[in-house]
Amino acid sequence: MPESTENKKSFKSTLNLPKTAFPMKANLVQNEPATLKRWDKLGLYDKLRAADHPRGPYVFHDGPPYANGSIHLGHLLNKVLKDMVVRSKTLAGYDCPYIPGWDCHGLPIEHKVMQDLGDAAKDMEPFQVRRKCKTYAEKFVKLQSKQMQRLLTLADYDNPYLTMDPVYEAAVLEVFADLVDKGLVYRALKPVHWSIANQTALADAELEYYDREDTSVYVLFEIAEPSNLPDSLKAPHGEPIHLMIWTTTPWTLPANMAVAVAYAPIYGLYSVSHCGQDKHVLLAVDLEERVFNAAGVTNYELQGVCAGTHLQETHLYYKHPFMDRIAPVVVADYVTLEEGTGMVHTAPGHGVEDYQTGRKRGLHFKQEDDGSQTVAWVRPDQSEPVPYPFDVYCPVLPDGTYDRTVPHWLQGVGVLEGGNERVVDHLKETGNLFHAELIDHSYPHDWRSKTPVIFRATEQWFVTMDFPVGFSFFEGQGHGDATAPTLRQMGLEATEKDIRFFPEWGRNRMRGMLESRPDWCLSRQRAWGLPIPVFLPPEGIEVEPLYTARSVRAVASNLRKHGSDFWFKATPAELLEGYDLAADIAEEQVPQWLEQAGSDAFNELEKSHDIFDVWFESGSSWNAVLRERGLGFPADLYLEGSDQHRGWFQLSLLPALGVTGQSPFKNVLTHGFMVDKDGRKMSKSGGNALEVDTLLKDFGADVCRWWVSSLNPDNDIKVDHEFFRLAGEEYRKVRNTLRYLLSNLYDFDPRPADQSGHAYSFTDDDAASLDAWALSQLDGLIHTTTRAYEALQFRKVRDALFNFCNDTMSATYLAATKDRLYCDAADAPRRRRTQTAIHRIADALIRLVAPVLPHTADEAWLALHGDTPDPISVHLAAFPQPSDAPVSEAWPGVIKSRDVWLKHIEDARQHANIDNPLDVGLRVPDPDNQLAAFSADDLADLCGISRLELSATTDQLEMLDLRDQPRCERSWKRDGTVQQRSDASNLSQRDAKALGLA
RNA sequence: GGGCUCGUAGCUCAGUUGGUCAGAGCGCACCGCUGAUAACGGUGAGGUCGGAGGUUCGAAUCCUCCCGGGCCCA
């Protein structure tokens, strides 16, 4: 063995080489579950609640994910962001509870349960189906809870909120009661998909689309007052003029209330020869060829044209072909020229768009003196409010037959069983049928009976956007302040003034949605949900149902005790136990008939079969969780994906404003959606979805969390397995920096000297030391990160942490100080000073990184402070304070110069063919003695070279080739003090001293 | 089709009110160290700032249009 190698070995044992039990390899997949167990055993969440919180409460409110399926990447992002908020607020000194919640009711679960039950469901009572749904929801709450905990989120998983809990349900009903009290709830007809076979409303998820053959018809509606037609149409005087509409559902014609036209396109008046008669018909010019070709009309002539909007402006009315009614032509923005005639038959009782046109234009009946009807409407140039409630006409009964409001030849006919034919035949007889043909089209069918469904207007419950809050109509009488702001106005005002949005454009989005949203339909005709606590009058009494604030609160209080299944099992009298009917009568809140019948008539009431829209339940969580549990209201922060501007945010804002006048949140933070690495939407069917479980198994939670912290969550987030691998490498860099810090503290006692420890006291004399510089950098890091945490800018936190570990520590400070840590005598003041700084840095870094890497931080905390540190977990600690150790103002200049020096050394070494930087010295010009305060050894160490000389006489950087100078066998430096020592080895002065040889 | 929004080096992102703003980190290439070693250090290459017009003495930054994504509606 060569001599030099022997020497190496012998001196290696004399060095203070780093040592630590904190492993380089994280082994997160095994170790994170152990950390979870440790936290659990410690009762960490409860300890946090019991701890001191110098800055008081910070109210964060978790939005409830749907209790269905495994968590996906969106949950990972959302929950990790939330956890970083909660942990950083906690370390910043706030009391920040995290109550996780789940949305448990609703169609997806009911749908799945019904599918699993199959035909068995037909014989089951609603509460039996509900029991199955509950079991199903519980299963997924449990599963998701476990998965979310595995992400190292620290929340009150023992006491989550579930929207199906009786207490939660009662609190939702109390919100409803308050809205009733404010006059914001009304009942009206609205078209829904209706299954004739099962006589029930269907949700979109319960529809299946099949092709079906139907008769499509071109129908002529005669203009009532041709003189009102725009002159440009050049309508012949004294002759009947017809609008031509097209529909694939002739059975809906009795409910026709208007014809909708497009705004700008050109309509033409044609004279045609049809069935041996000359006629004048109006339709869109672009569609003339297609329409006349279909009808086999070859002989037609354009007489004049006008724009769609002119037809509305001239207040055109037409005669219904078989109902005793005239109805208007209106403009609607969804009318296209892709098919039909450009004139759209509008039956608000039978179509969603038709319904909206009806609402927007305020279509309603006016009974004329002669018994005929006029469909009146609110013209754009009129300021009349839309009638309330909106009057939808729907002549179709639940069993799919026409009622008695239609002509006798249609009464009792099933709309899909003869309805179409009778209508078509009648049109033909009266000459109003221009053309009929069979078409194949995709048509919705009931998923269970496989029969075609219809749109049918049914009674639904709404929250009004446009009535003054606190103003109500009851039995024709207005009560309260008619000048109070509406819910829409309150929402817009809160959006403008009371809420901060992160990112700021959330405000625009919320504003736009509030401006345009229709009234909120609260009711669903399903089983798995919270019943709408309304009682319908006994059959035959055509009057108001019973729903007052008092009656709703009485039901709420009873459901609070028994759960919402009670609604399905109990009698109305039992449900209304405790209801003060007399008080309501005194305030004239109760329908006349009930006032006369009294409480003895309760059991004649019929319980409503409707349940609440699940959004109403989750939208009441500010009451059911924050106020119910005394957590504080309003919340400081709601944090969800940007889809929730329309969802949870808006639908929490509205009820809270209605009930309390306040927004339920002061700040709203939204994040974007996951897309694949090409920016495309993630989908299971697209095969580009990543499983959370896979990521956890491959990388561990802390790596996933590091990835989250590296994102700009405002925008779409590209995801790829590869990105997590890169995050893993960055994680290792941070971990290794921590490890190296820890490993140089193995012989360091952080207590001060007077407690027999090694801590160094910094004074002004140390201002030019490397350690003072490092501590000043740490102060900067503390400032940057705590402010970024405060502003919820986790990406900024990550950047600062990573640069500090990578650049400030690893490449600069630790590279420069390793020589003294290894080679100085263990107790040398210079080494102890550096260890003091390193200890402070390690401690601070662990605290600062804890919200992002909770497991790794806690692991390092134990490694730094021993097995029983105080506090026992870093998560019970506080963010560090700046040390404000004295530091030379010249340091930034030195660090800048260092780059220049390094570059010079690199170039010169290449030129001189020198491999090892320790074979190099540097002469630095310092004409004004700017650098005199700095130790030349510190400066040399900063460059990783053996020696640095300051020269007042040169003006150029000069690399010194030291290869011919003796090399210290212990430190490998050629620092100019190396000589043969008493043991025959070549050592520098410092190393000789460390070994007691000088 | 409408509302909101995004498009800067291979990747993730910074770029305040238009004028050293063309940057950082990762990755990559090359080199060094071998006493942080499945670690560590140094140097370097890479972009006509989605495209086209326009405003301006001057635009990644303002306006218009177009292309391509995303969320929410229709």
# chains A, B, ... in the order shown; residues from 1 in each chain; ligands from 1
>>> interface_residues(of="chain A", to="chain B", cutoff="6 Å", atoms="only C-alpha atoms (C1' of nucleotides)", output="PyMOL selection string")
chain A and resi 509+643+740
>>> write_last_selection(atoms="C-alpha atoms", output="compact mmCIF listing (two decimals), in the first residue's frame")
# COMPACT_ATOMS: atom_id res chain seq x y z
CA ARG A 509 -66.24 34.72 -12.30
CA ASP A 643 -65.51 24.67 -10.34
CA TYR A 740 -25.74 17.08 6.53
>>> residues_around(residues="region 48-51 of chain A", least_positions_apart="4", cutoff="9 Å", atoms="only C-alpha atoms (C1' of nucleotides)", output="PyMOL selection string")
chain A and resi 43-44+90+95-97+875-876
>>> select_by_dssp(residues="region 393-580 of chain A", states="helix (DSSP H, G or I)", output="PyMOL selection string")
chain A and resi 419-430+487-497+506-516+549-562+565-569+572-575
>>> residues_around(residues="Leu690 (chain A)", least_positions_apart="2", cutoff="8 Å", atoms="only C-alpha atoms (C1' of nucleotides)", output="PyMOL selection string")
chain A and resi 72-73+688+692+694-695+720-721
>>> residues_around(residues="region 17-22 of chain B", least_positions_apart="2", cutoff="8 Å", atoms="only C-alpha atoms (C1' of nucleotides)", output="list in words")
G15, C49, G58, A59, U61 and C62 of chain B
>>> select_by_dssp(residues="region 640-801 of chain A", states="strand (DSSP E or B)", output="PDB file with all heavy atoms, in the first residue's frame")
ATOM      1  N   GLU A 640     -61.122  25.567  -2.531  1.00  0.00           N
ATOM      2  CA  GLU A 640     -61.579  24.450  -3.370  1.00  0.00           C
ATOM      3  C   GLU A 640     -61.166  24.681  -4.821  1.00  0.00           C
ATOM      4  O   GLU A 640     -60.598  25.721  -5.157  1.00  0.00           O
ATOM      5  CB  GLU A 640     -63.107  24.308  -3.297  1.00  0.00           C
ATOM      6  CG  GLU A 640     -63.682  24.195  -1.887  1.00  0.00           C
ATOM      7  CD  GLU A 640     -63.278  22.931  -1.152  1.00  0.00           C
ATOM      8  OE1 GLU A 640     -62.950  21.921  -1.812  1.00  0.00           O
ATOM      9  OE2 GLU A 640     -63.245  22.946   0.102  1.00  0.00           O
ATOM     10  N   GLY A 641     -61.484  23.726  -5.683  1.00  0.00           N
ATOM     11  CA  GLY A 641     -61.229  23.859  -7.107  1.00  0.00           C
ATOM     12  C   GLY A 641     -62.093  24.969  -7.703  1.00  0.00           C
ATOM     13  O   GLY A 641     -63.117  25.351  -7.127  1.00  0.00           O
ATOM     14  N   PHE A 665     -67.608  33.445   4.097  1.00  0.00           N
ATOM     15  CA  PHE A 665     -66.136  33.386   4.011  1.00  0.00           C
ATOM     16  C   PHE A 665     -65.586  34.764   3.696  1.00  0.00           C
ATOM     17  O   PHE A 665     -66.211  35.557   2.995  1.00  0.00           O
ATOM     18  CB  PHE A 665     -65.684  32.389   2.945  1.00  0.00           C
ATOM     19  CG  PHE A 665     -66.534  32.387   1.710  1.00  0.00           C
ATOM     20  CD1 PHE A 665     -66.412  33.378   0.747  1.00  0.00           C
ATOM     21  CD2 PHE A 665     -67.490  31.396   1.513  1.00  0.00           C
ATOM     22  CE1 PHE A 665     -67.208  33.389  -0.383  1.00  0.00           C
ATOM     23  CE2 PHE A 665     -68.307  31.405   0.381  1.00  0.00           C
ATOM     24  CZ  PHE A 665     -68.160  32.400  -0.566  1.00  0.00           C
ATOM     25  N   LYS A 666     -64.412  35.045   4.232  1.00  0.00           N
ATOM     26  CA  LYS A 666     -63.747  36.308   3.943  1.00  0.00           C
ATOM     27  C   LYS A 666     -62.785  36.157   2.772  1.00  0.00           C
ATOM     28  O   LYS A 666     -62.528  37.099   2.040  1.00  0.00           O
ATOM     29  CB  LYS A 666     -62.963  36.785   5.166  1.00  0.00           C
ATOM     30  CG  LYS A 666     -63.827  37.059   6.381  1.00  0.00           C
ATOM     31  CD  LYS A 666     -62.932  37.434   7.559  1.00  0.00           C
ATOM     32  CE  LYS A 666     -63.693  37.364   8.875  1.00  0.00           C
ATOM     33  NZ  LYS A 666     -62.781  37.287  10.024  1.00  0.00           N
ATOM     34  N   ASN A 667     -62.203  34.993   2.656  1.00  0.00           N
ATOM     35  CA  ASN A 667     -61.246  34.726   1.581  1.00  0.00           C
ATOM     36  C   ASN A 667     -61.632  33.446   0.858  1.00  0.00           C
ATOM     37  O   ASN A 667     -62.026  32.471   1.492  1.00  0.00           O
ATOM     38  CB  ASN A 667     -59.836  34.552   2.151  1.00  0.00           C
ATOM     39  CG  ASN A 667     -59.362  35.796   2.867  1.00  0.00           C
ATOM     40  OD1 ASN A 667     -59.027  36.797   2.247  1.00  0.00           O
ATOM     41  ND2 ASN A 667     -59.362  35.747   4.185  1.00  0.00           N
ATOM     42  N   VAL A 668     -61.493  33.470  -0.427  1.00  0.00           N
ATOM     43  CA  VAL A 668     -61.746  32.284  -1.243  1.00  0.00           C
ATOM     44  C   VAL A 668     -60.497  31.994  -2.058  1.00  0.00           C
ATOM     45  O   VAL A 668     -60.032  32.853  -2.806  1.00  0.00           O
ATOM     46  CB  VAL A 668     -62.916  32.510  -2.210  1.00  0.00           C
ATOM     47  CG1 VAL A 668     -62.958  31.407  -3.236  1.00  0.00           C
ATOM     48  CG2 VAL A 668     -64.233  32.556  -1.462  1.00  0.00           C
ATOM     49  N   LEU A 669     -59.957  30.807  -1.868  1.00  0.00           N
ATOM     50  CA  LEU A 669     -58.798  30.414  -2.685  1.00  0.00           C
ATOM     51  C   LEU A 669     -59.218  29.275  -3.587  1.00  0.00           C
ATOM     52  O   LEU A 669     -59.794  28.292  -3.123  1.00  0.00           O
ATOM     53  CB  LEU A 669     -57.644  29.992  -1.790  1.00  0.00           C
ATOM     54  CG  LEU A 669     -56.294  29.803  -2.489  1.00  0.00           C
ATOM     55  CD1 LEU A 669     -55.163  30.108  -1.528  1.00  0.00           C
ATOM     56  CD2 LEU A 669     -56.099  28.404  -3.064  1.00  0.00           C
ATOM     57  N   THR A 670     -58.963  29.430  -4.877  1.00  0.00           N
ATOM     58  CA  THR A 670     -59.290  28.334  -5.793  1.00  0.00           C
ATOM     59  C   THR A 670     -58.036  27.826  -6.474  1.00  0.00           C
ATOM     60  O   THR A 670     -57.055  28.551  -6.635  1.00  0.00           O
ATOM     61  CB  THR A 670     -60.268  28.776  -6.896  1.00  0.00           C
ATOM     62  OG1 THR A 670     -59.730  29.921  -7.565  1.00  0.00           O
ATOM     63  CG2 THR A 670     -61.613  29.095  -6.323  1.00  0.00           C
ATOM     64  N   HIS A 671     -58.084  26.553  -6.827  1.00  0.00           N
ATOM     65  CA  HIS A 671     -56.988  25.966  -7.598  1.00  0.00           C
ATOM     66  C   HIS A 671     -57.544  25.394  -8.878  1.00  0.00           C
ATOM     67  O   HIS A 671     -58.753  25.183  -9.013  1.00  0.00           O
ATOM     68  CB  HIS A 671     -56.249  24.902  -6.790  1.00  0.00           C
ATOM     69  CG  HIS A 671     -57.137  23.829  -6.226  1.00  0.00           C
ATOM     70  ND1 HIS A 671     -57.642  22.809  -6.988  1.00  0.00           N
ATOM     71  CD2 HIS A 671     -57.626  23.630  -4.972  1.00  0.00           C
ATOM     72  CE1 HIS A 671     -58.379  22.013  -6.220  1.00  0.00           C
ATOM     73  NE2 HIS A 671     -58.400  22.491  -5.003  1.00  0.00           N
ATOM     74  N   MET A 674     -56.541  19.215 -12.819  1.00  0.00           N
ATOM     75  CA  MET A 674     -55.479  18.353 -13.317  1.00  0.00           C
ATOM     76  C   MET A 674     -55.667  18.088 -14.813  1.00  0.00           C
ATOM     77  O   MET A 674     -56.760  17.723 -15.243  1.00  0.00           O
ATOM     78  CB  MET A 674     -55.542  17.002 -12.608  1.00  0.00           C
ATOM     79  CG  MET A 674     -55.425  17.107 -11.126  1.00  0.00           C
ATOM     80  SD  MET A 674     -53.751  17.538 -10.685  1.00  0.00           S
ATOM     81  CE  MET A 674     -53.897  17.579  -8.919  1.00  0.00           C
ATOM     82  N   VAL A 675     -54.590  18.266 -15.548  1.00  0.00           N
ATOM     83  CA  VAL A 675     -54.603  17.850 -16.944  1.00  0.00           C
ATOM     84  C   VAL A 675     -53.376  16.966 -17.162  1.00  0.00           C
ATOM     85  O   VAL A 675     -52.482  16.929 -16.325  1.00  0.00           O
ATOM     86  CB  VAL A 675     -54.558  19.064 -17.899  1.00  0.00           C
ATOM     87  CG1 VAL A 675     -55.838  19.886 -17.770  1.00  0.00           C
ATOM     88  CG2 VAL A 675     -53.361  19.942 -17.595  1.00  0.00           C
ATOM     89  N   LYS A 681     -57.511  17.212 -20.625  1.00  0.00           N
ATOM     90  CA  LYS A 681     -58.296  16.806 -19.477  1.00  0.00           C
ATOM     91  C   LYS A 681     -57.965  15.366 -19.038  1.00  0.00           C
ATOM     92  O   LYS A 681     -57.770  14.492 -19.877  1.00  0.00           O
ATOM     93  CB  LYS A 681     -59.758  16.912 -19.899  1.00  0.00           C
ATOM     94  CG  LYS A 681     -60.784  16.551 -18.875  1.00  0.00           C
ATOM     95  CD  LYS A 681     -62.044  16.081 -19.589  1.00  0.00           C
ATOM     96  CE  LYS A 681     -62.732  17.188 -20.372  1.00  0.00           C
ATOM     97  NZ  LYS A 681     -63.989  17.629 -19.800  1.00  0.00           N
ATOM     98  N   ILE A 717     -53.141  22.225 -13.934  1.00  0.00           N
ATOM     99  CA  ILE A 717     -51.950  21.588 -13.401  1.00  0.00           C
ATOM    100  C   ILE A 717     -51.650  20.340 -14.206  1.00  0.00           C
ATOM    101  O   ILE A 717     -52.439  19.399 -14.250  1.00  0.00           O
ATOM    102  CB  ILE A 717     -52.182  21.256 -11.924  1.00  0.00           C
ATOM    103  CG1 ILE A 717     -52.283  22.558 -11.132  1.00  0.00           C
ATOM    104  CG2 ILE A 717     -51.061  20.390 -11.392  1.00  0.00           C
ATOM    105  CD1 ILE A 717     -53.224  22.503  -9.984  1.00  0.00           C
ATOM    106  N   LYS A 718     -50.515  20.357 -14.864  1.00  0.00           N
ATOM    107  CA  LYS A 718     -50.126  19.202 -15.645  1.00  0.00           C
ATOM    108  C   LYS A 718     -49.584  18.125 -14.714  1.00  0.00           C
ATOM    109  O   LYS A 718     -48.798  18.407 -13.811  1.00  0.00           O
ATOM    110  CB  LYS A 718     -49.045  19.581 -16.652  1.00  0.00           C
ATOM    111  CG  LYS A 718     -49.572  20.421 -17.800  1.00  0.00           C
ATOM    112  CD  LYS A 718     -48.503  20.606 -18.854  1.00  0.00           C
ATOM    113  CE  LYS A 718     -48.990  21.567 -19.928  1.00  0.00           C
ATOM    114  NZ  LYS A 718     -47.933  21.906 -20.877  1.00  0.00           N
ATOM    115  N   PRO A 752     -25.932  26.998  26.303  1.00  0.00           N
ATOM    116  CA  PRO A 752     -24.832  27.961  26.449  1.00  0.00           C
ATOM    117  C   PRO A 752     -23.752  27.443  27.381  1.00  0.00           C
ATOM    118  O   PRO A 752     -23.953  26.469  28.121  1.00  0.00           O
ATOM    119  CB  PRO A 752     -25.520  29.203  27.040  1.00  0.00           C
ATOM    120  CG  PRO A 752     -26.810  28.716  27.613  1.00  0.00           C
ATOM    121  CD  PRO A 752     -27.201  27.504  26.840  1.00  0.00           C
ATOM    122  N   ALA A 759     -22.800  26.300  22.981  1.00  0.00           N
ATOM    123  CA  ALA A 759     -23.331  27.382  22.145  1.00  0.00           C
ATOM    124  C   ALA A 759     -22.437  28.616  22.204  1.00  0.00           C
ATOM    125  O   ALA A 759     -21.936  28.992  23.260  1.00  0.00           O
ATOM    126  CB  ALA A 759     -24.747  27.733  22.576  1.00  0.00           C
TER     127      ALA A 759
END
>>> residues_around(residues="Ala482 (chain A)", least_positions_apart="2", cutoff="12 Å", atoms="only C-alpha atoms (C1' of nucleotides)", output="ChimeraX atom specification")
/A:182-183,466-473,477-480,484-486
>>> closest_residue(among="A:Ala137, A:Leu233, A:Ile223, A:Ala586", to="Pro328 (chain A)", atoms="only C-alpha atoms")
A:Ile223
>>> closest_residue(among="A:Leu948, A:Leu651, A:Leu778, A:Ala816", to="Ser883 (chain A)", atoms="only C-alpha atoms")
A:Leu778
>>> closest_residue(among="A:Thr808, A:Arg981, A:Ser873, A:Glu958", to="Lys41 (chain A)", atoms="only C-alpha atoms")
A:Ser873
>>> residues_around(residues="C28 (chain B)", least_positions_apart="2", cutoff="12 Å", atoms="only C-alpha atoms (C1' of nucleotides)", output="list of chain:residue names")
B:G10, B:C11, B:C26, B:C30, B:G44, B:A45, B:G46
>>> write_last_selection(atoms="N, CA, C and O atoms (P, O5', C5', C4', C3', O3' and C1' of nucleotides)", output="PDB file, in the first residue's frame")
ATOM      1  P     G B  10     -37.442  24.408 -25.508  1.00  0.00           P
ATOM      2  O5'   G B  10     -37.633  22.973 -24.862  1.00  0.00           O
ATOM      3  C5'   G B  10     -38.326  21.942 -25.584  1.00  0.00           C
ATOM      4  C4'   G B  10     -38.430  20.761 -24.658  1.00  0.00           C
ATOM      5  C3'   G B  10     -39.145  21.066 -23.362  1.00  0.00           C
ATOM      6  O3'   G B  10     -40.543  20.851 -23.494  1.00  0.00           O
ATOM      7  C1'   G B  10     -37.075  20.048 -22.889  1.00  0.00           C
ATOM      8  P     C B  11     -41.575  21.765 -22.622  1.00  0.00           P
ATOM      9  O5'   C B  11     -41.323  21.222 -21.153  1.00  0.00           O
ATOM     10  C5'   C B  11     -41.803  19.941 -20.752  1.00  0.00           C
ATOM     11  C4'   C B  11     -41.606  19.763 -19.271  1.00  0.00           C
ATOM     12  C3'   C B  11     -42.218  20.872 -18.417  1.00  0.00           C
ATOM     13  O3'   C B  11     -43.598  20.623 -18.155  1.00  0.00           O
ATOM     14  C1'   C B  11     -39.988  20.516 -17.730  1.00  0.00           C
ATOM     15  P     C B  26     -30.839  23.272  -9.880  1.00  0.00           P
ATOM     16  O5'   C B  26     -31.902  22.258 -10.483  1.00  0.00           O
ATOM     17  C5'   C B  26     -32.749  21.496  -9.607  1.00  0.00           C
ATOM     18  C4'   C B  26     -33.779  20.759 -10.422  1.00  0.00           C
ATOM     19  C3'   C B  26     -33.220  19.809 -11.482  1.00  0.00           C
ATOM     20  O3'   C B  26     -32.868  18.559 -10.937  1.00  0.00           O
ATOM     21  C1'   C B  26     -34.933  21.145 -12.422  1.00  0.00           C
ATOM     22  P     C B  30     -21.153  14.429 -21.573  1.00  0.00           P
ATOM     23  O5'   C B  30     -20.042  15.486 -21.128  1.00  0.00           O
ATOM     24  C5'   C B  30     -19.209  16.083 -22.101  1.00  0.00           C
ATOM     25  C4'   C B  30     -18.441  17.223 -21.486  1.00  0.00           C
ATOM     26  C3'   C B  30     -17.614  16.877 -20.250  1.00  0.00           C
ATOM     27  O3'   C B  30     -16.389  16.244 -20.557  1.00  0.00           O
ATOM     28  C1'   C B  30     -18.815  18.869 -19.849  1.00  0.00           C
ATOM     29  P     G B  44     -20.393  29.913 -17.029  1.00  0.00           P
ATOM     30  O5'   G B  44     -20.887  28.931 -18.182  1.00  0.00           O
ATOM     31  C5'   G B  44     -20.078  28.708 -19.329  1.00  0.00           C
ATOM     32  C4'   G B  44     -20.666  27.625 -20.189  1.00  0.00           C
ATOM     33  C3'   G B  44     -22.046  27.910 -20.761  1.00  0.00           C
ATOM     34  O3'   G B  44     -21.952  28.699 -21.938  1.00  0.00           O
ATOM     35  C1'   G B  44     -21.964  25.697 -19.930  1.00  0.00           C
ATOM     36  P     A B  45     -23.234  29.554 -22.453  1.00  0.00           P
ATOM     37  O5'   A B  45     -24.031  28.497 -23.348  1.00  0.00           O
ATOM     38  C5'   A B  45     -23.407  27.913 -24.497  1.00  0.00           C
ATOM     39  C4'   A B  45     -24.245  26.763 -24.984  1.00  0.00           C
ATOM     40  C3'   A B  45     -25.702  27.116 -25.293  1.00  0.00           C
ATOM     41  O3'   A B  45     -25.837  27.596 -26.622  1.00  0.00           O
ATOM     42  C1'   A B  45     -25.641  25.203 -23.908  1.00  0.00           C
ATOM     43  P     G B  46     -26.882  28.725 -26.965  1.00  0.00           P
ATOM     44  O5'   G B  46     -28.280  28.084 -26.547  1.00  0.00           O
ATOM     45  C5'   G B  46     -28.777  26.902 -27.187  1.00  0.00           C
ATOM     46  C4'   G B  46     -30.044  26.462 -26.552  1.00  0.00           C
ATOM     47  C3'   G B  46     -31.191  27.489 -26.520  1.00  0.00           C
ATOM     48  O3'   G B  46     -31.876  27.475 -27.751  1.00  0.00           O
ATOM     49  C1'   G B  46     -31.109  26.148 -24.531  1.00  0.00           C
TER      50        G B  46
END
>>> atom_distance(atom1="CA of Val344 (chain A)", atom2="CA of Ile245 (chain A)")
5.7 Å
>>> residues_around(residues="Leu742 (chain A)", least_positions_apart="3", cutoff="12 Å", atoms="only C-alpha atoms (C1' of nucleotides)", output="PyMOL selection string")
(chain A and resi 17-24+735-739+745-748+814+835-843+845-846+859-866) or (chain B and resi 36)
>>> atom_distance(atom1="CA of Lys450 (chain A)", atom2="CA of Ala197 (chain A)")
9.1 Å
>>> closest_residue(among="A:Val849, A:Leu530, A:Val406, A:Ala994", to="Met164 (chain A)", atoms="only C-alpha atoms")
A:Leu530
>>> closest_residue(among="A:Gly506, A:Lys796, A:Gly512, A:Ala597", to="G2 (chain B)", atoms="only C-alpha atoms (C1' of nucleotides)")
A:Gly512
